[in-house]
Amino acid sequence: MPKTPQTQHWTESLFDSVYALYETAREYQTAHRAAQVTTQTVDVDRRQLHTGRVALRGMQGRDDADYYRTRHRTPHEHAVFNLSRRYSQAEQELRREFELAAMLFASGAAWAIAQVQAGNHPPAVEFNTDADKVEVPHSLIISGLDRYAGARELAASYARVCACLHAALYGEDLAGRDYVSDHEAGEMHDAAGVALGLADAAYAYGLLAQRAVNFVLLEPRRAREREIALARAAAQQQSQPTT
């Protein structure tokens, strides 16, 4: 029977909290990738659209002469363009959801590490929320892991996330200008491409940060084990009959 949060030691519930953020990000990653594949199935550049047409006439009962004019539509083309628009919108929405979930996962793990390093015992990752009650990611910075074997890989992953964030900000700055030169337009396009990788970069960073959470929890877990061992020894000593 799984432990409830009330019976878990803080080291267990904190790691479970980080793990829940991982599962959440993975769900959105899977959904986003499925949306990308679905969008490609109605890519008009890859589809052969049937040219057959249908005639559309307005029904009786309206005082609108243009309403009764017969119009023609290619239903297959109409359907493909309609689906392409809907799937593209869904893909963009899920990309934003995945991006937020990945940032919460990565920053939540970073927050947990900092809390343990500071000697705090939070039972769960905490987030502030905005006016719409949506979680606001924490700082992604992780420090104090010089003895950690994965520190270099973690730093390189953090640099990739920062590059994506910088590209997003730079692209937004260029897009907000009244005039953009041809050279800057090219830079804006390149920056947008880099920024699209933010979700995957944050997710990858989160996976490495999650491992680091395990590392910083080693000593608190060992201390917990020592406490349990001492308590058991004391209980056994008390249960022994006196001579």
# chains A, B, ... in the order shown; residues from 1 in each chain; ligands from 1
>>> residues_around(residues="Glu126 of chain A", least_positions_apart="2", cutoff="10 Å", atoms="only C-alpha atoms", output="PyMOL selection string")
chain A and resi 14+17+108+111-112+122-124+128-129+135-138
>>> select_by_dssp(residues="segment 52-231 of chain A", states="helix (DSSP H, G or I)", output="number ranges by chain")
A: 65-68, 75-117, 151-175, 182-195, 198-216, 218-231
>>> select_by_dssp(residues="segment 11-213 of chain A", states="strand (DSSP E or B)", output="PyMOL selection string")
chain A and resi 54-56+71-73+128-129+135-136
>>> residues_around(residues="Glu153 of chain A", least_positions_apart="3", cutoff="12 Å", atoms="only C-alpha atoms", output="list in words")
Leu145, Asp146, Tyr148, Ala149, Gly150, Ala156, Ser157, Tyr158, Ala159, Arg160, Ala204, Tyr205, Gly206, Leu207, Leu208, Ala209, Arg211 and Ala212 of chain A
>>> residues_around(residues="Trp10 of chain A", least_positions_apart="2", cutoff="12 Å", atoms="only C-alpha atoms", output="number ranges by chain")
A: 4-8, 12-17, 112, 115-116, 120-125, 217, 220-221, 224
>>> residues_around(residues="Leu21 of chain A", least_positions_apart="2", cutoff="8 Å", atoms="only C-alpha atoms", output="PyMOL selection string")
chain A and resi 17-19+23-25+101+104-105+108
